[in-house]
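Everything on this sheet refers to the single structure shown next.
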Amino acid sequence: MEAIVFEKFGGPEVLQLSQIEEPHAGPGQIRIHVCAVGVNPMDYKVRNGWLADAFPTTFPAIPGNEASGIVDEIGEGITGIAVGDEVFGLTTSGSYAQYALSSVFAAKPAGLDWAAAAALPVAGITARRDLDLLNVTAADTLLIHGAAGAVGTVAVQLAAARGATVIGTASPANHDYLRAFGAIPVAYGDGLVDRVRAVAPQGIDAVYDIAGQGALPDSITLRGGTTDRILTIADFTAPNLGIVLSTTFLPDAARVLTEQAEQIVTGKLRITIAADLPLADAAKAMEHSETGHAQGKIVLHR
């Protein structure tokens with residue numbers, strides 16, 4: 001099959017479009033004939049070898065862990081789905097490929113296009129999981145670091161839908177973008193504490209760090225010196241500060257995907273596609289992702 005692979009750690013130049021052996025669905029899996037692929041920051045971090053201890057890599061490796069496409073193989077134990085059905089979900093084999101395996105998936109509604117479907121799984125599941133872990137309610141003022149990215153865009157909307165006041169850090173170029181989703185934008189960097197206090201004199205009840213750019217000490221200050229209700233998905237120094245590094249799996253992920261897909265179709269949730277590139281341009285997509293300035297999600301299509 002056709003796939004993007006890398007045979008050593010390194011920059012975007014290690015990625016190559018190759019022909020490799022295709023995977024087949026095992027027990028509890030389906031095989032997806034991939035139409036679109038979601039690009040995540042995790043992809044370039046794994047490719048660089050920065051997460052080798054946590055995520056051992058066997059070469060040749062295929063990046064990616066989410067896709068949308070058409071079911072073409074069904075493994076033992078899978079029911080309620082048929083070959084030819086349109087689906088989207090998380091993948092257990094690399095998704096930058098012609099075929100990918102999945103055990104967490106949902107039916108794609110007719111009103112959801114391939115790109116938006118591929119862009120939803122990681123962002124939607126992650127945002128829902130972590131807002132639940134933070135117990136965000138209508139009474140809260142939530143600070144989100146890295147609010148303009150894919151997970152941030154969904155988290156802002158889900159938190160606002162709960163009635164929370166949402167403050168999002170982002171570069172000034174993304175401030176209007178955040179306002180359109182109901183967040184109060186602030187610039188990140190030096191002076192962050194004062195800027196946040198200026199727009200939230202009532203204080204910050206919870207902090208969600210998606211950026212991983214060293215904002216945890218300021219987050220503790222904004223929480224009045226406590227690490228309670230601070231959570232990160234991107235700063236691996238968090239445990240040293242007594243802060244939760246969220247990596248747990250969401251048990252009802254497939255149900256959440258079904259619910260969020262319907263919300264997109266009905267206009268209650270928006271997925272922003274920052275760039276939609278051919279699979280062969282995976283290196284370019286990762287370079288864009290690595291800048292940290294993409295509004296929403298980068299996707300690849302076949």
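By order of appearance in the structure tokens: chains A, B, ..., then residues from 1 within every chain, and ligands from 1 in the order shown.
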Leaving out A:Ala173 and any residue of its chain fewer than 3 positions from it, which residues lie within 12 Å of it when counting only C-alpha atoms, given as a tab-separated table (two decimals) with C-alpha atoms, in the first residue's frame?
```tsv
chain	number	residue	atom	x	y	z
A	148	ALA	CA	-6.44	28.55	18.76
A	169	THR	CA	-3.97	32.46	25.14
A	170	ALA	CA	-2.84	32.84	21.55
A	176	ASP	CA	-10.23	37.64	16.45
A	177	TYR	CA	-10.44	33.93	15.68
A	178	LEU	CA	-10.89	33.15	19.39
A	179	ARG	CA	-13.46	35.89	19.87
A	185	PRO	CA	-8.14	36.29	24.03
A	186	VAL	CA	-4.88	37.24	25.72
A	187	ALA	CA	-1.32	37.14	24.39
A	188	TYR	CA	1.01	34.54	25.83
A	293	HIS	CA	0.27	28.93	14.79
A	294	ALA	CA	-2.28	26.91	12.84
A	295	GLN	CA	-5.91	27.98	13.37
```
Who sits within 12 Å of A:Leu192, only C-alpha atoms, same chain under 5 positions skipped, as number ranges by chain: A: 143, 145, 167-170, 185-187, 197-200, 214-219, 221-222
Exercise: A:Ile62 partners within 10 Å, only C-alpha atoms, chain neighbours under 5 positions left out, as a PyMOL selection string: chain A and resi 3-7+15-16+43+47+57+93-97+100
Contacts of A:Gln260 within 10 Å, only C-alpha atoms, excl. fewer than 3 positions in-chain, as a list in words: Leu120, Pro121, Gly124, Ile125, Arg128, Val154, Leu158, Ala254, Arg255, Val256, Leu257, Gln263, Ile264, Val265, Thr266, Lys268, Leu269 and Arg270 of chain A
Backbone DSSP call of alpha helix (DSSP H) for stretch 123-234 of chain A, listed as JSON, numbers by chain: {"A": [123, 124, 125, 126, 127, 128, 129, 130, 131, 132, 133, 150, 151, 152, 153, 154, 155, 156, 157, 158, 159, 160, 161, 175, 176, 177, 178, 179, 180, 192, 193, 194, 195, 196, 197, 198, 199, 216, 217, 218, 219, 220, 221, 222]}
Residues near A:Lys8, cut-off 10 Å, only C-alpha atoms, skip fewer than 4 positions along chain, as a list of chain:residue names: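 The residues satisfying every condition are A:Val14, A:Leu15, A:Arg47, A:Asn48, A:Gly49, A:Thr57, A:Thr58, A:Phe59, A:Pro60, A:Ala61.
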In stretch 97-158 of chain A, DSSP strand (DSSP E or B) residues written as a VMD selection string: chain A and resid 97 99 to 102 104 to 107 141 to 145 149
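Using only C-alpha atoms, the protein and nucleic acid residues lying no more than 7 Å from stretch 205-208 of chain A, apart from those fewer than 4 places from it along its own chain, are Leu134, Asp140, Thr141, Leu142, Leu143, Ile144, His145, Ser219, Arg223, Arg229, Ile230, Leu231 and Thr232 of chain A.
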Test item: residues at most 9 Å from stretch 32-42 of chain A, only C-alpha atoms, excluding those fewer than 5 positions along its chain, as a PyMOL selection string: chain A and resi 47+51+63-73+86-88+91+95-102+114-123+150+279+282+285-286+289-290+292+297-302
Separation of atom CA of A:Glu13 from atom CA of A:Ala52, in Å and rounded to one decimal: 18.6 Å
From A:Pro239, A:Val166, A:Ser246, A:Ala54, residue lying nearest A:Gly152 [only C-alpha atoms]: A:Val166
Atom-to-atom span, atom CA of A:Ile210 and atom CA of A:Ala234, Å: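 Atom-to-atom, atom CA of A:Ile210 to atom CA of A:Ala234, that is 5.7 Å.
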Selected residue of minimal separation from A:Asp235 among A:Asp281, A:Gly146, A:Gly182, A:Leu133, counting only C-alpha atoms: A:Gly146
